[in-house]
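Student: To start, I am sharing the structure in question, which I have written as structure tokens.
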Amino acid sequence: MKKSATSIRSFLLQRTFIFSVLGFLVLVSVTHYAFTKSIEKNASVMAERIAKQTFNSMYLVMSQGWNRHQLEQFMKQMEKDNKDSDLSVSIFRGDLVTERFGEMESPALSDTHRQVLESGQSQLVSTDDSISYYYALNAKEVCTHCHTNVTDGDTLGMIEVTQELDKSLLNANKELILTLILVSPLPLLLAFLATRQITSRIDNSIEQLADSIDSIESISDLSRIEEGRDRLAFRELQDIFSQVKNLSSKLNDIAVDKELLEFEIRLLEKFVITSEVVRDWREYVNFLIVDINKVMNVYTMFSIFKVDNEVFDLEVFWLQPPSERTRKSMENAIMKRLAQDGSPFELIDINIRHNMVNEHAEPMDLDDDAIELQCKSLLVETPKIGGIVGIGVHSDTIQDTTKLLVLESILSTLLNVVGSVRAIYKYTKDLEYYATRDPLTNLYNQRMFWELLDYELDRADRHDYKVALLLLDLDNFKSINDGYGHSWGDKLLADFSEALQNALGKDAIIARYGGDEFVIVLPESDVAHAAQVAETVLLTSRNHALYYDSNTFLKLTGSLGMGIYPDHAKNKKDLFMFVDNLMYRAKNSGKDQIALPNENELVDIFKEMSDKTVLVTQAIERKELIPAFQPIVCSNTGEIHAVEVLSRIKLSGDRLMSASEFIEIAESIGKVHQLDYIVMDKAFEQVKITGYEGKIFINLSPRSIIISDFIPTIKRLAESHAINPESVVFEITERDTVKNISVLESFVMSLKDKGFKLAIDDFGSGFSSFHYLKHLPIDYVKIEGEFIANMANDARDMAFVNSISHLSQELNVETVAEFVESEEVLELVEKAGITYAQGYHLGKPNPDLEGILKTTEVFVR
């Protein structure tokens, strides 16, 4: 229990009473002792005086010739006179007097008597209740006239004077105590009055000090606390007041005004990055400047971003338009700070852009010295998220140390917030583009192709017209990559895509389906028109050449298949499979040609499609699917972190059919989830046999999300093979998943509840990737392989990959780079801070998991 404090008045009264009582007792004791000693001293003096007076009287009597009888009468009378008093006198004869004049009646001799008679020395003996003085009578020359048998100095006798003190002391102590009792209230009264006066003056002084403290409402009021010091009554309180003043001075240096704290809180609330903020990051900074100026004057804010190796963007935000002279002075002041000795901004190109918060306000004209002295900046050597490397303000607040402290804190926060907003702004702009476009060729990507094809087929049904689909696969393109390198292969693809767009114009919808495959959608087109376009495509590929050196031009040919909706298929999947079969017919017929849908061959084509469907169906029913494992390694060490499980169908001999050849068939017949179960079951079995303990990445088909028994089934499979759910990572691909985000969120949360982990595959291929990253509990981001493969040759891909890496680090999400097919790309992946890497350079899919694990040392760097 907390003990309550005692007031000064109560404390003084209590202590005054206690010490008054103690003082009174001490005074009684000391007075009693002194008084007793005084009485004893007076009694000893009196005894000595009476002894000498008695001797003088005896001498006077004897000198007048009294006889012995008269002397005895004199002594008896003296004893009689002292009988009723506390004083007694006794006379003792020495041996020499007895020898001369005979015996005389006297009390018996004690040891003290004999000692005095023998030594001739007088003695004073005190007891608790009496004082005795033994006076030795020593002979003088005059005594020898009568005492003829003595000489000068011999002891003639002794006089004993005894005074009883008990009655005297008792009476004296009674009088003393009575007097002290009567006087005792006086010191208590005086102490009370003194205490009251002291506490009254202390209370007044404390009240003045309290009033001074109560008057403080803000930091600026601390300077007024000194005003009441001289009115304090006591020097000690003045010293305390001085200490309070010193404390207020220190608080004035370190404290932050409530208004400033409220401002910081309001400002921090605005640091929440919303979609509105991301829409225009410059407008967001303008709003921040307006809010900051509600508390402190900030005329200008500037931020520096690294956009390339030696190129920086300087964004200057003005509260109101500056005069031309002020604009130049501010630029010079900022550049002066950037160009200081040892600064990383020396000898670089800086692009300057000015932004106005209030364009219609009066022009602002600032003094050059004020600009120089009132600029505060925060610069970093290593670019933060969004490439931001510095931020600063121009404000008169810099002259106020307290507000400067707050301003520096705001700058540190703004450095990250503005960088993050700009990064997300740039990233979302890139996503808007790359959601529909292939980053290498700028053609539509696969996801957009399917959406556009779906739209065109739906429109064809409504307006009763036909749609043509062409599929082009470049011949022997792998040999170009292998012979001249991927960078030249990518350049050839980009140049050919541009040539193809120029040749076909805006009427054709062209998309890069993947690798060296291109698809072309021709709305409102019949067989004849589509065949003409196909010839144009083939001629474009034949006539296209890329200069390599004086002796070499890189050339292309292609194999092309064509189909018409609704003549050859009733839906987009079947149409694509039909065209795909024709394209393979063109390749098998010698390449560099077009396979047109011949009426005589349609039966064979549909039979091939049917055969594939039967093959896939049988493989699922007979569980002939097998898993292939591709390693995912740590980008900095090369050690295997995980394996991705891929589906394969075993054909005759050692030939395997890849998933790209049968997944769409499995989806079209509604059995893709059964395919997933079979592959997972066999993959888990191999994991258990080999004792592999790393992560297992498994691709998740969209149909799995809407099947009610999918999660219970995979949980049962994991339990039956003793697989820890935390080691299983399911990959969802944004372009293939369901469009209902609430269904997807519910499915994902159920997966996480069971302990499984989650990855986004082909991150960056669609705009929803960022939405998934924000709303779903993602553990891994697998970056779209096209960005990775081209990052060594395309600055845009490099910037995009770096942005994804930085964003993932901020969100504490692991990253995986796909399509790592060279040591150069692997080094760039590691430099970008991407955690893991996957690709043919590190290992191809292999059904032998144990063999992959044994080759771990091959990858270790």
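Labels for the structure tokens follow display order: chains A, B, ..., residues from 1 in each chain, ligands from 1.
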With only C-alpha atoms as the counted atoms, please give the residues lying no more than 6 Å from Leu156 (chain A), apart from itself and same-chain residues fewer than 4 positions off, as a PyMOL selection string.
Tutor: chain A and resi 94+97+137-138
Student: What's around Asn502 (chain A) at 10 Å? Count only C-alpha atoms, leave out sequence neighbours fewer than 5 positions away in its own chain, and write the answer as a list in words.
Tutor: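 The filter keeps Phe496, Ser497 and Thr540 of chain A.
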Student: How about saving the chosen residues, C-alpha atoms kept, as a PDB file, in the first residue's frame?
Tutor:
```
ATOM      1  CA  PHE A 496      11.161  -9.302 -85.593  1.00  0.00           C
ATOM      2  CA  SER A 497       8.171  -8.318 -83.412  1.00  0.00           C
ATOM      3  CA  THR A 540       8.191 -11.185 -92.907  1.00  0.00           C
TER       4      THR A 540
END
```
Student: Rank nothing, just name the residue among A:Ile594, A:Ile834, A:Ala792, A:Ile18 nearest to Leu807 (chain A), using only C-alpha atoms.
Tutor: A:Ile834
Student: What's the separation between CA of Ile760 (chain A) and CA of Ser805 (chain A), in Å to one decimal place?
Tutor: 13.6 Å
Student: Contacts of region 512-522 of chain A at 8 Å or less, counting only C-alpha atoms, minus same-chain residues fewer than 5 places along, as a compact mmCIF listing (two decimals) with N, CA and C atoms, in the first residue's frame?
Tutor:
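Result file part20.txt:
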```txt
# COMPACT_ATOMS: atom_id res chain seq x y z
N ASP A 438 4.13 -7.91 -73.31
CA ASP A 438 5.34 -8.70 -73.12
C ASP A 438 6.52 -7.73 -72.98
N THR A 441 9.15 -7.76 -76.23
CA THR A 441 8.72 -7.40 -77.58
C THR A 441 7.69 -6.27 -77.61
N LEU A 443 4.70 -6.64 -77.44
CA LEU A 443 3.46 -7.20 -77.96
C LEU A 443 2.57 -7.56 -76.77
N TYR A 444 1.30 -7.89 -77.06
CA TYR A 444 0.44 -8.38 -75.99
C TYR A 444 1.03 -9.67 -75.41
N ASN A 445 0.82 -9.89 -74.11
CA ASN A 445 1.33 -11.12 -73.50
C ASN A 445 0.27 -12.23 -73.55
N GLN A 446 0.63 -13.39 -73.04
CA GLN A 446 -0.25 -14.56 -73.14
C GLN A 446 -1.58 -14.33 -72.44
N PHE A 449 -3.69 -12.14 -74.48
CA PHE A 449 -4.12 -12.87 -75.68
C PHE A 449 -5.41 -13.64 -75.42
N LEU A 453 -8.89 -12.89 -77.16
CA LEU A 453 -9.49 -13.95 -77.97
C LEU A 453 -10.90 -14.26 -77.46
N VAL A 467 -13.71 -15.52 -86.87
CA VAL A 467 -12.43 -15.03 -86.32
C VAL A 467 -11.36 -16.04 -86.68
N ALA A 468 -10.23 -15.53 -87.18
CA ALA A 468 -9.11 -16.41 -87.53
C ALA A 468 -8.04 -16.34 -86.44
N LEU A 469 -7.41 -17.48 -86.21
CA LEU A 469 -6.30 -17.54 -85.24
C LEU A 469 -5.10 -18.15 -85.93
N LEU A 470 -3.95 -17.49 -85.85
CA LEU A 470 -2.70 -17.97 -86.43
C LEU A 470 -1.70 -18.21 -85.30
N LEU A 471 -0.96 -19.31 -85.41
CA LEU A 471 0.10 -19.62 -84.44
C LEU A 471 1.40 -19.80 -85.19
N LEU A 472 2.39 -18.94 -84.84
CA LEU A 472 3.70 -18.97 -85.49
C LEU A 472 4.74 -19.44 -84.50
N ASP A 473 5.52 -20.45 -84.89
CA ASP A 473 6.63 -20.92 -84.07
C ASP A 473 7.89 -20.79 -84.91
N LEU A 474 8.85 -19.99 -84.44
CA LEU A 474 10.08 -19.77 -85.20
C LEU A 474 10.90 -21.07 -85.25
N PHE A 477 15.05 -21.77 -83.45
CA PHE A 477 15.47 -20.54 -82.75
C PHE A 477 16.44 -20.86 -81.62
N LEU A 493 14.33 -11.34 -81.52
CA LEU A 493 12.90 -11.43 -81.26
C LEU A 493 12.26 -10.04 -81.22
N ASP A 507 -5.02 -3.80 -87.64
CA ASP A 507 -6.19 -4.67 -87.68
C ASP A 507 -5.94 -6.01 -87.01
N ALA A 530 -7.40 -14.92 -93.98
CA ALA A 530 -6.42 -15.41 -93.01
C ALA A 530 -5.21 -16.01 -93.72
```
Student: Return the single residue from A:Ala43, A:Ile778, A:Leu188, A:Leu109 that is closest to Ser126 (chain A), with distances computed using only C-alpha atoms.
Tutor: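 Residue with the minimum atom-to-atom distance to Ser126 (chain A): A:Ala43.
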Student: What is the distance between CA of Leu828 (chain A) and CA of Tyr484 (chain A), in Å to one decimal?
Tutor: 20.1 Å
Student: Can you pull out the residues contacting Val316 (chain A)? Cut-off 9 Å, using only C-alpha atoms, and skip same-chain residues under 3 positions away; I want them as a ChimeraX atom specification.
Tutor: /A:300-304,331,352-356
Student: Pick out the residues sitting within 10 Å of region 34-36 of chain A, and hand them over as a list of chain:residue names; count only C-alpha atoms, and ignore anything fewer than 6 positions along from it in its own chain.
Tutor: A:Val28, A:Asn42, A:Leu165, A:Ser168, A:Leu169, A:Leu170, A:Ala172, A:Asn173, A:Leu176
Student: Do a neighbour search on His360 (chain A) at 12 Å with only C-alpha atoms, toss out local chain neighbours closer than 2 positions, and write the hits as a list of chain:residue names.
Tutor: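 So the residues in contact are A:Trp318, A:Leu319, A:Gln320, A:Pro321, A:Pro322, A:Met356, A:Val357, A:Asn358, A:Glu362, A:Pro363, A:Met364.
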Student: With distances taken over only C-alpha atoms, which of A:Glu685, A:Glu731, A:Asp349, A:Asp211 is nearest to Pro702 (chain A)?
Tutor: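 Among the listed residues, A:Glu731 lies closest to Pro702 (chain A).
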